[in-house]
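Before any comments, here is the structure.
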Amino acid sequence: MDKEVAVQSLTDTMAKFTSYIGKRLPTDVKQKLADLRTLETNPLAKSIYDSMAENQEAADKLDRPSCQDTGVIQYFISAGAKFPLLGELEEILQNATLGATKIGPLRHNAVETFDEKNTGTNTGSKIPWLDWEIVPDSDCATIDVYMAGGGCTLPGKATVLMPGQGYEGVTEFVFDVITSRGVNACPPLLVGVGVSTSVETAARLSKRAILRPVNSKNPNANAALMEELLEEGLNEVGIGPQGLTGNNSVMGVNIESSARHPSTIGVAVSTGCWAHRRGKIRFNADLSYEVLSHEGVVL
Amino acid sequence: MKKILQTPIRDEDLESLNVGDVVYLTGHLVTCRDVAHRRLIEQKRELPVDLKGGAIFHAGPIVRKKDDGKFEMVSIGPTTSMRMEKFEREFIKQTGVKLIVGKGGMGPETAAGCQEGKAVHAIFPGGCAVLAATKVEEIERAEWQDLGMPETLWVNRVREFGPLIISIDTKGKNLIEQNKARFNEKKAPVMERIFSQVRFIK
């Protein structure tokens, strides 16, 4: 394929995919919400789940963004060092965001800081936000698209604990964020926790954690145990959909971690709202692709 | 039977409402969020819409301009109301607004404002923006368009817009604050139990 044609093809696919994920939830999230709806016994909470389901059906049928806040667009790229369009990806994703904004249509959500002007295009300085991981020896690229809405971004918090505070301190931090600011962030939330060495490493991992499937488990046994304990514990608090109380609080808790300095425990929480709009797509070197997050997608 | 409020809303329409009640709105609903609040309260600019007896929506919608020059409401869900807490008490006083629709709870200042001004805050389920858009019959006006799509004051004519869950009533009761107190009470013993199982540092 001619390089120019290839760039155009990848741009078009990513524009369509970015727009698509604003209208239909990923398969794992859809399933989890259906399960939580079945488990709910509080009448007001049940009626909220009914409204959510009705909304998603209407969004699908009318082909419209299911939530008006289509977020700041973020791309988490895991690219092979030999992916043929590696050097072009940044510009491709900028143009894909411009394209998705028209196709969606997406709300204009990029405000230049200090100038305090909405650019009206969803692009701006360093926006769409790109996060990179380079995979040696691979010629494929996997891209996670995330619509970082205002509501689900607001609870985000990071800090550095002293080792004496231990994982008990991590537990307390997570509970405090979710039972205070999380209540207004459109629960049931998917809670991402980063346990690491400093604020920025923990924060990045906490965001990566909410890109993992809702029911996935951390491969480390202790981390997996902590995911389970936090999920059960938060559910016991009974925040319910929209904070109106109910049988459950969260869609899940995912933890991502790194090694840490012996003197610090960096911890961060990122949250995904119930309308957790993310998508995962994998491109091969010939730009054939597979959507991994949504079943039965036609772009 | 559905309880339907109609703009202009009178004090007596709201006095019997309690937190947790579910109502719907027919009439006019004006989007009004961060910068509109700031312009009225801090910059003392006059709002381009008369809100006496009216209803505002903390929302920044997606709107499409049609070929005939009119606007179409594509997607309009509530935004986090708490961001307007700093301004809302004074906003109610200055405008005479009766119904504030948004997402999540608001704080003690707004609760005091609701009590003083006989107004209520109600929650529309967050994220249900297409459901909400289907209840908008027409966008009648668009004011302060210089603020961009999310912040423009979109004057919507709505029919049976809801469900709206009363979260602050005219007595100043605050549903989400009550819920938060309950969550905080419940979390302490739950955390204690978890602490004993996460002592990984030995």
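Residue numbering restarts at 1 for every chain of the structure tokens, chains are lettered A, B, ... in their displayed order, and ligands are numbered from 1 as they appear.
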Skipping near chain neighbours, those fewer than 2 positions away, what residues fall within 10 Å of Leu190 in chain A using only C-alpha atoms, listed as a PyMOL selection string?
chain A and resi 29+152+187-188+192-193+209-214+231+249-254+270-276
Could the residues of chain B within 9 Å of chain A, counting only C-alpha atoms, be given as a PyMOL selection string, please?
chain B and resi 20+59-64+74-82+103-105+123+125-132+134+147-150+163+175-176+179-180+182-187+190-201
Name the residues of range 133-245 of chain A that fall into strand (DSSP E) according to DSSP on the backbone, using the chain letters and numbers of this document, as a PyMOL selection string.
chain A and resi 133-135+141-148+157-161+189-196
Could those residues be written to a file, using C-alpha atoms, as a PDB file, in the first residue's frame?
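As a result, out.pdb now contains:
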```pdb
ATOM      1  CA  GLU A 133       4.395   1.809  25.046  1.00  0.00           C
ATOM      2  CA  ILE A 134       6.790   0.393  22.473  1.00  0.00           C
ATOM      3  CA  VAL A 135       6.808  -3.369  21.958  1.00  0.00           C
ATOM      4  CA  ALA A 141      -0.214  -1.744  17.078  1.00  0.00           C
ATOM      5  CA  THR A 142      -2.930  -1.956  19.724  1.00  0.00           C
ATOM      6  CA  ILE A 143      -4.734   1.276  20.529  1.00  0.00           C
ATOM      7  CA  ASP A 144      -7.065   1.907  23.463  1.00  0.00           C
ATOM      8  CA  VAL A 145      -9.336   4.888  22.928  1.00  0.00           C
ATOM      9  CA  TYR A 146     -10.795   6.514  26.009  1.00  0.00           C
ATOM     10  CA  MET A 147     -13.298   9.357  26.292  1.00  0.00           C
ATOM     11  CA  ALA A 148     -12.253  11.087  29.506  1.00  0.00           C
ATOM     12  CA  LYS A 157      -6.540  11.747  43.064  1.00  0.00           C
ATOM     13  CA  ALA A 158      -2.944  10.708  43.780  1.00  0.00           C
ATOM     14  CA  THR A 159      -0.685  10.883  46.782  1.00  0.00           C
ATOM     15  CA  VAL A 160       2.455   9.349  48.248  1.00  0.00           C
ATOM     16  CA  LEU A 161       2.061   7.384  51.466  1.00  0.00           C
ATOM     17  CA  LEU A 189     -17.892   3.194  38.758  1.00  0.00           C
ATOM     18  CA  LEU A 190     -15.022   1.125  37.483  1.00  0.00           C
ATOM     19  CA  VAL A 191     -12.291   1.938  40.000  1.00  0.00           C
ATOM     20  CA  GLY A 192      -8.688   2.001  38.817  1.00  0.00           C
ATOM     21  CA  VAL A 193      -5.960   1.957  41.450  1.00  0.00           C
ATOM     22  CA  GLY A 194      -2.255   2.494  40.794  1.00  0.00           C
ATOM     23  CA  VAL A 195       0.135   1.276  43.484  1.00  0.00           C
ATOM     24  CA  SER A 196       3.609   2.450  42.646  1.00  0.00           C
TER      25      SER A 196
END
```
Atom-to-atom span, CA of Asn247 in chain A and CA of Leu36 in chain A, Å
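Between CA of Asn247 in chain A and CA of Leu36 in chain A the gap works out to 8.5 Å.
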If you measure from CA of Lys98 in chain B to CA of Gly27 in chain B, what distance in Å do you get, rounded to one decimal?
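Here the two named atoms are 12.8 Å from each other.
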Taking only C-alpha atoms into account, name the residue in B:Thr31, B:Gln43, B:Thr95, B:Thr110 that is nearest to Thr170 in chain B.
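Among the listed residues, B:Thr110 lies closest to Thr170 in chain B.
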Å distance separating CA of Pro26 in chain A from CA of Arg282 in chain A, one decimal place
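Between CA of Pro26 in chain A and CA of Arg282 in chain A the gap works out to 15.0 Å.
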Which residue gives the smallest distance to Gln94 in chain B among B:Lys65, B:Lys52, B:Lys135, B:Arg39, with only C-alpha atoms counted?
B:Lys52
Extract, using only C-alpha atoms, all DNA, RNA and protein residues at most 12 Å from Ile100 in chain B, discarding same-chain residues fewer than 3 positions from it, and format them as a ChimeraX atom specification.
/B:9,25,29-33,51,53-59,78-79,81-82,84-85,88-89,91-92,95-97,103-106,110-111,113-114,117-124,164-170
Looking only at the backbone, which of the residues in range 20-163 of chain A does DSSP tag as helix (DSSP H, G or I), as an NGL selection string?
:A and (20-21 or 27-39 or 43-62 or 86-103 or 150-153 or 163)
Write out the residues from the selection above, keeping C-alpha atoms, as a JSON list (two decimals), in the first residue's frame.
```json
[["chain", "number", "residue", "atom", "x", "y", "z"],
["A", 20, "TYR", "CA", -18.31, 4.52, 17.52],
["A", 21, "ILE", "CA", -17.21, 4.05, 21.13],
["A", 27, "THR", "CA", -19.18, -5.76, 25.70],
["A", 28, "ASP", "CA", -17.75, -6.31, 29.22],
["A", 29, "VAL", "CA", -19.31, -3.10, 30.58],
["A", 30, "LYS", "CA", -22.67, -3.83, 28.98],
["A", 31, "GLN", "CA", -22.71, -7.28, 30.55],
["A", 32, "LYS", "CA", -21.70, -5.99, 33.97],
["A", 33, "LEU", "CA", -24.45, -3.34, 33.96],
["A", 34, "ALA", "CA", -27.01, -5.99, 32.99],
["A", 35, "ASP", "CA", -25.82, -8.13, 35.93],
["A", 36, "LEU", "CA", -25.98, -5.22, 38.40],
["A", 37, "ARG", "CA", -29.47, -4.33, 37.15],
["A", 38, "THR", "CA", -30.64, -7.89, 37.86],
["A", 39, "LEU", "CA", -29.09, -7.88, 41.35],
["A", 43, "PRO", "CA", -36.94, 0.45, 43.52],
["A", 44, "LEU", "CA", -35.39, 3.89, 42.83],
["A", 45, "ALA", "CA", -32.04, 2.29, 41.93],
["A", 46, "LYS", "CA", -33.82, -0.22, 39.68],
["A", 47, "SER", "CA", -35.57, 2.60, 37.84],
["A", 48, "ILE", "CA", -32.19, 4.31, 37.28],
["A", 49, "TYR", "CA", -30.81, 1.11, 35.74],
["A", 50, "ASP", "CA", -33.92, 1.03, 33.53],
["A", 51, "SER", "CA", -33.24, 4.61, 32.38],
["A", 52, "MET", "CA", -29.63, 3.68, 31.60],
["A", 53, "ALA", "CA", -30.70, 0.68, 29.49],
["A", 54, "GLU", "CA", -33.34, 2.75, 27.71],
["A", 55, "ASN", "CA", -30.73, 5.42, 26.99],
["A", 56, "GLN", "CA", -28.25, 2.95, 25.48],
["A", 57, "GLU", "CA", -30.96, 1.49, 23.24],
["A", 58, "ALA", "CA", -31.95, 4.98, 22.06],
["A", 59, "ALA", "CA", -28.30, 5.94, 21.42],
["A", 60, "ASP", "CA", -27.79, 2.82, 19.32],
["A", 61, "LYS", "CA", -31.01, 3.25, 17.36],
["A", 62, "LEU", "CA", -30.59, 6.99, 16.74],
["A", 86, "LEU", "CA", 4.91, 4.40, 13.92],
["A", 87, "GLY", "CA", 6.27, 7.84, 13.04],
["A", 88, "GLU", "CA", 2.96, 8.94, 11.52],
["A", 89, "LEU", "CA", 0.71, 7.77, 14.38],
["A", 90, "GLU", "CA", 0.66, 11.05, 16.28],
["A", 91, "GLU", "CA", -0.60, 13.03, 13.30],
["A", 92, "ILE", "CA", -2.98, 10.22, 12.33],
["A", 93, "LEU", "CA", -4.62, 10.28, 15.78],
["A", 94, "GLN", "CA", -4.88, 14.09, 15.74],
["A", 95, "ASN", "CA", -6.72, 13.87, 12.44],
["A", 96, "ALA", "CA", -8.80, 10.93, 13.63],
["A", 97, "THR", "CA", -10.01, 13.09, 16.54],
["A", 98, "LEU", "CA", -10.93, 15.90, 14.12],
["A", 99, "GLY", "CA", -12.78, 13.38, 11.97],
["A", 100, "ALA", "CA", -14.60, 11.75, 14.91],
["A", 101, "THR", "CA", -15.70, 15.18, 16.14],
["A", 102, "LYS", "CA", -17.55, 15.67, 12.84],
["A", 103, "ILE", "CA", -18.87, 12.11, 12.49],
["A", 150, "GLY", "CA", -15.48, 15.61, 33.10],
["A", 151, "GLY", "CA", -17.63, 13.78, 35.65],
["A", 152, "CYS", "CA", -15.54, 10.63, 35.80],
["A", 153, "THR", "CA", -12.27, 12.60, 35.71],
["A", 163, "PRO", "CA", 5.49, 2.74, 54.13]]
```
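For the choices A:Gly124, A:Pro136, A:Glu228, A:Arg278, the atom-to-atom distance to Gly22 in chain A is smallest for A:Arg278 when using only C-alpha atoms.
Nearest residue to Gly102 in chain B, choosing from B:Arg38, B:Lys202, B:Arg83, B:Arg10 and counting only C-alpha atoms: B:Arg83.
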